[in-house]
$ cat model.tsv   # TSV, C-alpha atoms
chain	number	residue	atom	x	y	z
A	164	MET	CA	48.18	61.13	-79.13
A	165	HIS	CA	50.46	58.23	-78.27
A	166	VAL	CA	47.90	55.62	-77.25
A	167	GLY	CA	44.57	56.73	-78.73
A	168	PRO	CA	42.80	55.07	-81.67
A	169	PHE	CA	43.71	56.10	-85.20
A	170	PRO	CA	41.18	58.40	-86.87
A	171	THR	CA	39.24	56.50	-89.54
A	172	PRO	CA	36.54	57.68	-91.95
A	173	GLY	CA	33.19	57.63	-90.16
A	174	GLY	CA	34.93	56.55	-86.95
A	175	GLY	CA	32.76	58.65	-84.68
A	176	VAL	CA	33.25	61.41	-82.15
A	177	GLY	CA	36.30	59.78	-80.52
A	178	ASP	CA	38.17	59.69	-83.80
A	179	TRP	CA	37.20	63.30	-84.49
A	180	PHE	CA	38.62	64.42	-81.15
A	181	LEU	CA	41.84	62.50	-81.72
A	182	GLU	CA	42.28	63.97	-85.18
A	183	LEU	CA	41.60	67.44	-83.78
A	184	ALA	CA	44.33	66.97	-81.17
A	185	SER	CA	46.91	65.60	-83.61
A	186	GLY	CA	49.81	68.04	-83.87
A	187	ARG	CA	47.79	70.78	-82.20
A	188	ALA	CA	48.26	69.31	-78.73
A	189	SER	CA	52.04	69.54	-79.05
A	190	ALA	CA	51.69	73.05	-80.53
A	191	LEU	CA	49.71	74.12	-77.45
A	192	PHE	CA	52.34	72.42	-75.30
A	193	ALA	CA	55.11	74.45	-76.97
A	194	THR	CA	53.10	77.68	-76.66
A	195	LEU	CA	52.72	77.05	-72.93
A	196	ALA	CA	56.48	76.48	-72.75
A	197	GLY	CA	57.02	80.00	-74.05
A	198	PHE	CA	54.51	81.33	-71.52
A	199	SER	CA	56.40	79.55	-68.71
A	200	LEU	CA	59.61	81.32	-69.73
A	201	MET	CA	57.94	84.63	-68.95
A	202	LEU	CA	56.92	83.34	-65.51
A	203	ILE	CA	60.63	82.80	-64.85
A	204	ALA	CA	61.96	85.93	-66.57
A	205	GLY	CA	59.25	88.33	-65.34
A	206	ARG	CA	55.63	88.38	-66.51
A	207	PHE	CA	54.96	92.04	-67.28
A	208	GLU	CA	58.38	93.56	-66.58
A	209	PRO	CA	61.53	91.61	-67.45
A	210	LYS	CA	63.85	91.02	-64.54
A	211	THR	CA	67.13	92.92	-64.72
A	212	GLY	CA	70.41	92.96	-62.87
A	213	PRO	CA	71.20	89.96	-60.63
A	214	ALA	CA	67.56	88.80	-60.75
A	215	GLY	CA	67.65	88.77	-64.55
A	216	ARG	CA	70.92	86.85	-64.66
A	217	GLN	CA	69.55	84.32	-62.17
A	218	ALA	CA	66.42	83.89	-64.28
A	219	ARG	CA	68.51	83.17	-67.36
A	220	ALA	CA	70.63	80.73	-65.37
A	221	ARG	CA	67.49	78.91	-64.23
A	222	ILE	CA	66.38	78.58	-67.84
A	223	VAL	CA	69.79	77.25	-68.91
A	224	ILE	CA	69.73	74.67	-66.10
A	225	ARG	CA	66.25	73.59	-67.13
A	226	ALA	CA	67.41	73.28	-70.73
A	227	VAL	CA	70.34	71.06	-69.76
A	228	ILE	CA	68.11	68.78	-67.67
A	229	LEU	CA	65.49	68.55	-70.41
A	230	LEU	CA	68.19	67.71	-72.95
A	231	VAL	CA	69.42	64.88	-70.74
A	232	LEU	CA	65.90	63.56	-70.14
A	233	GLY	CA	64.92	63.90	-73.79
A	234	THR	CA	68.09	62.22	-75.01
A	235	ALA	CA	67.56	59.35	-72.58
A	236	LEU	CA	64.00	58.85	-73.87
A	237	ALA	CA	65.22	59.05	-77.48
A	238	MET	CA	67.57	56.14	-76.76
A	239	THR	CA	64.52	53.95	-76.14
A	240	ASP	CA	62.07	52.55	-78.69
A	241	PHE	CA	60.13	55.81	-78.35
A	242	GLY	CA	62.80	57.41	-80.54
A	243	GLY	CA	62.30	60.89	-81.94
A	244	ALA	CA	58.65	61.26	-80.91
A	245	GLY	CA	59.56	62.89	-77.57
A	246	ILE	CA	59.62	66.66	-77.35
A	247	LEU	CA	61.73	67.30	-74.21
A	248	ASN	CA	65.09	67.47	-75.98
A	249	PHE	CA	63.56	69.88	-78.49
A	250	TYR	CA	62.40	72.01	-75.56
A	251	ALA	CA	66.00	72.31	-74.43
A	252	LEU	CA	66.95	74.00	-77.70
A	253	TYR	CA	63.83	76.19	-77.64
A	254	PHE	CA	64.77	77.50	-74.20
A	255	LEU	CA	68.32	78.32	-75.24
A	256	LEU	CA	67.19	80.06	-78.43
A	257	ALA	CA	64.69	82.11	-76.41
A	258	LEU	CA	67.31	83.58	-74.07
A	259	PRO	CA	68.04	86.69	-76.20
A	260	LEU	CA	64.28	87.46	-76.36
A	261	LEU	CA	63.49	87.44	-72.64
A	262	ARG	CA	63.57	91.22	-72.20
A	263	LEU	CA	61.50	92.13	-75.25
A	264	ARG	CA	58.05	93.67	-75.03
A	265	ALA	CA	54.88	91.92	-76.14
A	266	ARG	CA	54.57	93.92	-79.37
A	267	THR	CA	58.14	93.12	-80.43
A	268	LEU	CA	57.69	89.45	-79.57
A	269	ALA	CA	54.46	89.35	-81.60
A	270	ILE	CA	56.24	90.83	-84.62
A	271	ILE	CA	59.02	88.24	-84.29
A	272	ALA	CA	56.47	85.40	-83.99
A	273	GLY	CA	54.62	86.60	-87.09
A	274	THR	CA	57.86	86.88	-89.04
A	275	LEU	CA	58.91	83.39	-88.00
A	276	ALA	CA	55.54	81.96	-89.06
A	277	ILE	CA	55.82	83.51	-92.52
A	278	VAL	CA	59.51	83.02	-93.23
A	279	THR	CA	60.81	79.90	-91.47
A	280	PRO	CA	58.68	77.23	-93.26
A	281	GLN	CA	60.02	78.36	-96.61
A	282	VAL	CA	63.60	78.56	-95.31
A	283	ALA	CA	63.27	75.11	-93.74
A	284	TYR	CA	61.98	73.68	-97.01
A	285	VAL	CA	64.88	75.09	-99.01
A	286	ILE	CA	67.52	73.88	-96.54
A	287	ARG	CA	65.99	70.40	-96.37
A	288	ALA	CA	65.87	70.23	-100.15
A	289	LEU	CA	69.59	71.04	-100.29
A	290	LEU	CA	70.55	68.43	-97.69
A	291	THR	CA	71.86	65.19	-99.08
A	292	GLU	CA	71.99	61.87	-97.28
A	293	SER	CA	75.77	62.04	-97.12
A	294	THR	CA	75.66	65.55	-95.63
A	295	VAL	CA	73.22	64.46	-92.94
A	296	HIS	CA	75.37	61.42	-92.17
A	297	SER	CA	78.49	63.56	-91.91
A	298	ILE	CA	76.82	66.04	-89.55
A	299	ASP	CA	75.42	63.28	-87.36
A	300	SER	CA	78.76	61.49	-87.24
A	301	TRP	CA	80.31	64.56	-85.60
A	302	ASP	CA	77.35	65.10	-83.27
A	303	PRO	CA	77.77	63.24	-79.95
A	304	ILE	CA	74.04	63.54	-79.17
A	305	ALA	CA	73.14	62.00	-82.52
A	306	ARG	CA	75.62	59.18	-82.02
A	307	LEU	CA	74.21	58.54	-78.55
A	308	SER	CA	70.47	58.66	-79.22
A	309	GLY	CA	69.91	59.00	-82.96
A	310	VAL	CA	68.28	62.42	-82.40
A	311	GLY	CA	70.99	65.03	-82.81
A	312	LEU	CA	71.28	68.76	-83.26
A	313	LEU	CA	70.24	68.58	-86.91
A	314	ASP	CA	67.01	66.84	-85.87
A	315	LEU	CA	66.38	69.33	-83.08
A	316	LEU	CA	66.93	72.29	-85.35
A	317	LEU	CA	65.62	71.22	-88.74
A	318	THR	CA	64.61	67.64	-89.52
A	319	GLY	CA	62.90	66.28	-86.40
A	320	LEU	CA	59.21	66.08	-85.55
A	321	TYR	CA	59.28	69.45	-83.71
A	322	PRO	CA	62.13	71.36	-85.41
A	323	ALA	CA	63.17	74.56	-83.68
A	324	ILE	CA	63.42	76.48	-86.94
A	325	THR	CA	59.61	76.48	-87.25
A	326	TRP	CA	58.47	75.58	-83.73
A	327	MET	CA	60.07	78.64	-82.19
A	328	THR	CA	57.00	80.38	-83.63
A	329	PHE	CA	54.91	78.68	-80.94
A	330	VAL	CA	57.41	79.45	-78.19
A	331	VAL	CA	57.70	83.14	-79.08
A	332	THR	CA	53.92	83.42	-79.30
A	333	GLY	CA	53.69	81.92	-75.82
A	334	MET	CA	56.21	84.49	-74.62
A	335	THR	CA	54.04	87.21	-76.16
A	336	LEU	CA	50.98	85.93	-74.30
A	337	GLY	CA	53.02	85.79	-71.12
A	338	ARG	CA	53.73	89.51	-71.40
A	339	LEU	CA	50.05	90.37	-71.85
A	340	ASP	CA	47.60	91.01	-69.02
A	341	LEU	CA	45.14	88.22	-69.70
A	342	ALA	CA	42.83	89.60	-66.99
A	343	SER	CA	42.31	92.77	-69.04
A	344	GLY	CA	39.00	92.97	-70.88
A	345	ALA	CA	40.61	94.82	-73.79
A	346	VAL	CA	43.30	92.14	-74.19
A	347	ARG	CA	40.69	89.40	-74.03
A	348	ARG	CA	38.56	91.06	-76.69
A	349	ARG	CA	41.52	91.37	-79.02
A	350	LEU	CA	42.52	87.74	-78.51
A	351	ALA	CA	38.90	86.68	-79.03
A	352	VAL	CA	39.18	88.16	-82.52
A	353	VAL	CA	42.78	87.20	-83.28
A	354	GLY	CA	42.53	83.51	-82.30
A	355	PRO	CA	39.51	82.54	-84.44
A	356	ALA	CA	40.77	84.75	-87.29
A	357	MET	CA	44.06	82.83	-87.31
A	358	ILE	CA	42.17	79.51	-87.33
A	359	ALA	CA	40.03	80.64	-90.26
A	360	PHE	CA	43.01	81.98	-92.18
A	361	GLY	CA	45.36	79.07	-91.54
A	362	TYR	CA	42.97	76.26	-92.37
A	363	GLY	CA	40.58	78.12	-94.68
A	364	VAL	CA	43.15	79.65	-97.02
A	365	SER	CA	45.12	76.38	-97.11
A	366	TRP	CA	41.98	74.40	-97.97
A	367	LEU	CA	41.06	76.87	-100.71
A	368	ALA	CA	44.58	77.17	-102.16
A	369	LEU	CA	45.12	73.41	-102.37
A	370	ARG	CA	41.84	72.89	-104.18
A	371	LEU	CA	42.20	75.80	-106.56
A	372	THR	CA	45.71	74.72	-107.54
A	373	GLY	CA	45.13	70.97	-107.57
A	374	GLY	CA	47.68	70.54	-104.82
A	375	ALA	CA	45.34	68.45	-102.65
A	376	GLU	CA	45.20	65.66	-105.23
A	377	LYS	CA	48.96	65.75	-105.74
A	378	ILE	CA	49.63	65.50	-101.98
A	379	MET	CA	47.18	62.63	-101.53
A	380	ALA	CA	48.66	60.80	-104.51
A	381	GLY	CA	52.07	60.89	-102.87
A	382	MET	CA	50.90	59.69	-99.44
A	383	PRO	CA	50.70	56.06	-98.28
A	384	ASP	CA	47.34	54.88	-97.07
A	385	MET	CA	47.91	55.42	-93.35
A	386	LYS	CA	44.39	54.18	-92.64
A	387	ASP	CA	45.41	50.63	-93.56
A	388	PRO	CA	46.14	48.83	-90.26
A	389	GLY	CA	48.25	46.32	-92.11
A	390	LEU	CA	50.73	49.04	-93.03
A	391	MET	CA	51.26	49.85	-89.38
A	392	LYS	CA	52.39	46.29	-88.72
A	393	ASP	CA	55.44	46.99	-90.81
A	394	PRO	CA	58.36	47.65	-88.39
A	395	GLY	CA	59.60	50.55	-90.44
A	396	ALA	CA	56.23	52.26	-90.35
A	397	ALA	CA	55.52	51.50	-86.71
A	398	SER	CA	58.82	52.87	-85.46
A	399	GLY	CA	57.81	56.44	-86.16
A	400	SER	CA	54.10	56.24	-85.56
A	401	PHE	CA	53.64	57.62	-82.05
A	402	ASP	CA	52.65	61.11	-83.22
A	403	MET	CA	52.99	60.60	-86.91
A	404	PRO	CA	53.22	63.72	-89.10
A	405	VAL	CA	50.34	63.77	-91.52
A	406	GLY	CA	51.61	64.31	-95.00
A	407	GLY	CA	55.22	63.70	-94.04
A	408	GLY	CA	56.19	67.29	-93.36
A	409	LEU	CA	58.12	69.43	-95.84
A	410	GLY	CA	61.18	67.26	-96.09
A	411	GLY	CA	60.70	65.94	-99.59
A	412	ALA	CA	61.05	67.41	-103.05
A	413	ASP	CA	57.31	68.14	-103.26
A	414	ALA	CA	56.68	71.82	-102.48
A	415	TRP	CA	52.90	71.37	-102.31
A	416	GLY	CA	53.33	70.78	-98.58
A	417	LEU	CA	54.02	74.50	-98.22
A	418	LEU	CA	50.31	75.07	-98.88
A	419	ALA	CA	49.10	72.34	-96.53
A	420	ALA	CA	47.84	72.90	-93.00
A	421	GLU	CA	48.09	69.28	-91.88
A	422	PRO	CA	49.45	68.54	-88.38
A	423	HIS	CA	53.26	68.62	-88.25
A	424	SER	CA	53.48	69.79	-91.87
A	425	GLY	CA	55.34	72.82	-90.53
A	426	SER	CA	53.87	75.12	-93.17
A	427	THR	CA	52.92	78.73	-92.56
A	428	PHE	CA	49.26	77.73	-92.64
A	429	ASP	CA	49.81	74.94	-90.11
A	430	LEU	CA	51.66	77.32	-87.76
A	431	ILE	CA	49.01	80.04	-88.00
A	432	GLY	CA	46.06	77.66	-87.62
A	433	SER	CA	47.60	75.78	-84.70
A	434	LEU	CA	48.47	79.04	-82.96
A	435	GLY	CA	44.92	80.25	-83.44
A	436	ILE	CA	43.69	77.13	-81.65
A	437	ALA	CA	46.26	77.55	-78.84
A	438	ILE	CA	45.31	81.20	-78.29
A	439	THR	CA	41.59	80.40	-78.34
A	440	VAL	CA	41.95	77.50	-75.89
A	441	LEU	CA	44.00	79.58	-73.45
A	442	LEU	CA	41.60	82.51	-73.67
A	443	CYS	CA	38.48	80.37	-73.19
A	444	LEU	CA	39.91	78.54	-70.19
A	445	THR	CA	41.16	81.76	-68.58
A	446	VAL	CA	37.77	83.46	-68.94
A	447	ALA	CA	35.86	80.35	-67.83
A	448	LEU	CA	37.90	79.93	-64.65
A	449	ASP	CA	37.52	83.62	-63.80
A	450	ARG	CA	33.78	83.77	-64.32
A	451	LEU	CA	32.75	80.33	-63.06
A	452	PRO	CA	34.17	79.76	-59.57
A	453	TRP	CA	32.60	76.29	-59.40
A	454	LEU	CA	34.56	75.27	-62.49
A	455	ARG	CA	37.88	75.79	-60.73
A	456	ARG	CA	36.74	73.46	-57.97
A	457	ALA	CA	35.46	70.90	-60.45
A	458	ALA	CA	38.68	71.11	-62.48
A	459	THR	CA	40.97	70.62	-59.46
A	460	PRO	CA	42.10	67.12	-60.60
A	461	VAL	CA	42.89	68.43	-64.08
A	462	ILE	CA	44.76	71.41	-62.65
A	463	ALA	CA	46.77	68.94	-60.55
A	464	VAL	CA	47.78	67.20	-63.77
A	465	GLY	CA	48.98	70.52	-65.15
A	466	THR	CA	51.18	71.17	-62.13
A	467	MET	CA	53.22	68.04	-62.83
A	468	SER	CA	53.20	67.86	-66.61
A	469	LEU	CA	56.89	66.91	-66.81
A	470	THR	CA	56.44	63.96	-64.45
A	471	LEU	CA	53.38	62.70	-66.30
A	472	TYR	CA	54.91	63.23	-69.73
A	473	VAL	CA	57.97	61.17	-68.85
A	474	GLY	CA	55.85	58.72	-66.88
A	475	HIS	CA	53.41	58.00	-69.68
A	476	ILE	CA	56.28	57.26	-72.07
A	477	LEU	CA	57.81	54.83	-69.58
A	478	VAL	CA	54.45	53.10	-69.18
A	479	ILE	CA	54.07	52.82	-72.96
A	480	LEU	CA	57.51	51.27	-73.20
A	481	ALA	CA	56.63	48.83	-70.40
A	482	LEU	CA	53.51	47.55	-72.18
A	483	PRO	CA	53.88	43.87	-73.10
A	484	GLY	CA	54.76	42.68	-76.58
A	485	GLU	CA	53.80	44.96	-79.43
A	486	ALA	CA	51.25	46.91	-77.38
A	487	ALA	CA	53.61	49.91	-77.32
A	488	THR	CA	53.20	50.59	-81.03
A	489	PRO	CA	50.13	51.08	-83.23
A	490	PRO	CA	47.84	49.42	-84.17
A	491	GLN	CA	48.05	47.44	-80.93
A	492	SER	CA	48.23	50.62	-78.84
A	493	ALA	CA	45.43	52.25	-80.84
A	494	SER	CA	42.83	51.55	-78.20
A	495	THR	CA	40.16	53.76	-76.67
A	496	ALA	CA	40.23	51.66	-73.50
A	497	LEU	CA	43.99	52.12	-73.16
A	498	LEU	CA	43.61	55.87	-73.72
A	499	LEU	CA	40.99	56.12	-70.97
A	500	CYS	CA	43.23	54.12	-68.63
A	501	PHE	CA	46.08	56.56	-69.23
A	502	ILE	CA	43.83	59.58	-68.64
A	503	ALA	CA	42.36	58.11	-65.46
A	504	GLY	CA	45.75	56.95	-64.17
A	505	ALA	CA	47.39	60.34	-64.72
A	506	THR	CA	44.49	62.21	-63.13
A	507	VAL	CA	44.27	59.97	-60.06
A	508	PHE	CA	48.04	60.02	-59.53
A	509	ALA	CA	48.22	63.81	-59.81
A	510	ALA	CA	45.21	64.37	-57.55
A	511	VAL	CA	46.57	62.10	-54.81
A	512	TRP	CA	50.15	63.38	-55.06
A	513	SER	CA	49.08	67.03	-54.93
A	514	ARG	CA	47.28	66.39	-51.63
A	515	PHE	CA	50.64	65.74	-49.96
A	516	PHE	CA	53.22	67.56	-52.08
A	517	ARG	CA	53.35	70.97	-53.74
A	518	ARG	CA	55.21	69.75	-56.83
A	519	GLY	CA	55.39	66.56	-58.83
A	520	PRO	CA	58.42	64.27	-58.37
A	521	LEU	CA	60.38	65.49	-61.40
A	522	GLU	CA	59.21	69.08	-60.85
A	523	HIS	CA	60.63	68.89	-57.32
A	524	LEU	CA	63.99	67.67	-58.59
A	525	LEU	CA	64.02	70.29	-61.34
A	526	ASN	CA	63.22	73.06	-58.86
A	527	ASN	CA	66.04	71.93	-56.56
A	528	ALA	CA	68.48	71.86	-59.47
A	529	THR	CA	67.61	75.40	-60.53
A	530	LYS	CA	68.41	76.68	-57.02
A	531	LEU	CA	72.02	76.71	-58.22
A	532	ALA	CA	71.06	79.86	-60.13
A	533	HIS	CA	70.90	81.78	-56.84
A	534	ARG	CA	74.70	81.72	-56.81
A	535	VAL	CA	74.80	83.89	-59.92
A	536	ARG	CA	75.49	87.51	-59.11

$ encode --input "model.tsv" --output "structure tokens"
Amino acid sequence: MHVGPFPTPGGGVGDWFLELASGRASALFATLAGFSLMLIAGRFEPKTGPAGRQARARIVIRAVILLVLGTALAMTDFGGAGILNFYALYFLLALPLLRLRARTLAIIAGTLAIVTPQVAYVIRALLTESTVHSIDSWDPIARLSGVGLLDLLLTGLYPAITWMTFVVTGMTLGRLDLASGAVRRRLAVVGPAMIAFGYGVSWLALRLTGGAEKIMAGMPDMKDPGLMKDPGAASGSFDMPVGGGLGGADAWGLLAAEPHSGSTFDLIGSLGIAITVLLCLTVALDRLPWLRRAATPVIAVGTMSLTLYVGHILVILALPGEAATPPQSASTALLLCFIAGATVFAAVWSRFFRRGPLEHLLNNATKLAHRVR
């Protein structure tokens, strides 16, 4: 998403894949984050007693480290496009939910998907520039990096108020037995149904109400490469929200399902894709033993996602001249170089070490949790 070519009309299969990944890749990332919390807190049965307190301490330590890493990246030209500092808040907000059952977590996720986009819209509409400035002036994180608590909670690219829907859904999946045929059959129905509802109902509603024309009339032509040469436009273009989110006075965005719009339809559709992807990969790896062997390099990438996420941002920032921002970075060749580089690095590293570099440091830091009794 950060180095691939911009989707253009008639741009071919590559553009179609990039447009498909826009917003939905980070949604899948956040869903997996919720799943990982259950690996720490207890997959099928929540840990209790000292083990439960140690699990919560491990999550808090991870949140602190991710906040530091994310804030450091936000202080660079990459700005608010990074998700790690948002993860820190997600993890902290998830702490009270760690002992809940899958059914309860599913109900919470559904409620968040329905309610939070509307609440977020109302709060954003009430915020004035002076209020935002006053809040940020008291926020040490905002003063340090420009991405403060208000951004993490409400106004950023991955605001916790709506993105906790992905995290809680991931926690729900973590509590389910994905090896169970009955669970798989249910998810095989639920995932595609959510995709059809999220994108289908949004498409229909916008066209029946005329909202599609009103949204397009209020959007700049992001397909004009000349626009991206403007410094103001380029500064926020790494994973640019299509349609600008719900932060303006136009409420038509509440019916949209565009990436990063943060609407109910966007949340439901993106979650449907995340559930379907996880289900398909789980079934494929179980039923096709050769696929696991063939996918070993990709699996290696997954074992060190933190290292490669931070690493790819540092490489982007190290690119010469204006190559770090679109349209200069909008290159298929550059995208392939990043994919190949990450895969080769992960495959070689995993031959000698169990964890990636940052994963190793993170694991050592969380050992402090063993002192909790």

$ atom_distance --input "model.tsv" --atom1 "atom CA of A:Ile304" --atom2 "atom CA of A:Glu292"
18.3 Å

$ residues_around --input "model.tsv" --residues "A:Arg534" --least-positions-apart "2" --cutoff "10 Å" --atoms "only C-alpha atoms" --output "NGL selection string"
:A and (213 or 217 or 220 or 530-532 or 536)

$ residues_around --input "model.tsv" --residues "A:Pro460" --least-positions-apart "2" --cutoff "10 Å" --atoms "all atoms listed in the file" --output "list of chain:residue names"
A:Arg455, A:Arg456, A:Ala457, A:Ala458, A:Ile462, A:Ala463, A:Val464, A:Gly465, A:Ala505, A:Thr506, A:Val507, A:Phe508, A:Ala509, A:Ala510, A:Val511, A:Ser513

$ residues_around --input "model.tsv" --residues "stretch 467-471 of chain A" --least-positions-apart "4" --cutoff "10 Å" --atoms "only C-alpha atoms" --output "PyMOL selection string"
chain A and resi 192+229+247+462-463+475-477+501+504-506+508-509+512-513+517-523+525

$ atom_distance --input "model.tsv" --atom1 "atom CA of A:Ala414" --atom2 "atom CA of A:Gly309"
26.8 Å

$ axis_aligned_box --input "model.tsv" --around "stretch 269-276 of chain A" --padding-each-side "6 Å" --output "JSON"
{"center_x": 56.7, "center_y": 86.4, "center_z": -85.3, "size_x": 16.6, "size_y": 20.9, "size_z": 19.5}

$ residues_around --input "model.tsv" --residues "stretch 427-432 of chain A" --least-positions-apart "4" --cutoff "9 Å" --atoms "only C-alpha atoms" --output "PyMOL selection string"
chain A and resi 187+190+273+275-281+325-326+328-329+354-365+417-423+436-437

$ closest_residue --input "model.tsv" --among "A:Val282, A:Thr495, A:Leu260, A:Ala204" --to "A:Phe169" --atoms "only C-alpha atoms"
A:Thr495

$ atom_distance --input "model.tsv" --atom1 "atom CA of A:Val352" --atom2 "atom CA of A:Tyr253"
27.8 Å

$ closest_residue --input "model.tsv" --among "A:Ile271, A:Leu290, A:Met238, A:Leu339" --to "A:Met201" --atoms "only C-alpha atoms"
A:Leu339

$ closest_residue --input "model.tsv" --among "A:Ala265, A:Ile224, A:Ala351, A:Val473" --to "A:Val440" --atoms "only C-alpha atoms"
A:Ala351

$ closest_residue --input "model.tsv" --among "A:Tyr284, A:Phe515, A:Phe180, A:Trp415" --to "A:Leu317" --atoms "all atoms listed in the file"
A:Tyr284

$ residues_near_point --input "model.tsv" --point "(64.4, 71.9, -77.2)" --cutoff "9 Å" --atoms "all atoms listed in the file" --output "list in words"
Ala226, Leu229, Leu230, Gly233, Ile246, Leu247, Asn248, Phe249, Tyr250, Ala251, Leu252, Tyr253, Phe254, Leu255, Leu256, Leu315, Leu316, Tyr321, Pro322 and Ala323 of chain A

$ residues_around --input "model.tsv" --residues "A:Arg216" --least-positions-apart "5" --cutoff "12 Å" --atoms "all atoms listed in the file" --output "list in words"
Ile203, Ala204, Gly205, Pro209, Lys210, Thr211, Arg221, Ile222, Val223, Leu258, Pro259, Leu261, Arg262, Ala532, His533, Arg534, Val535 and Arg536 of chain A

$ closest_residue --input "model.tsv" --among "A:Trp179, A:Ser308, A:Leu442, A:Thr335" --to "A:Leu232" --atoms "only C-alpha atoms"
A:Ser308
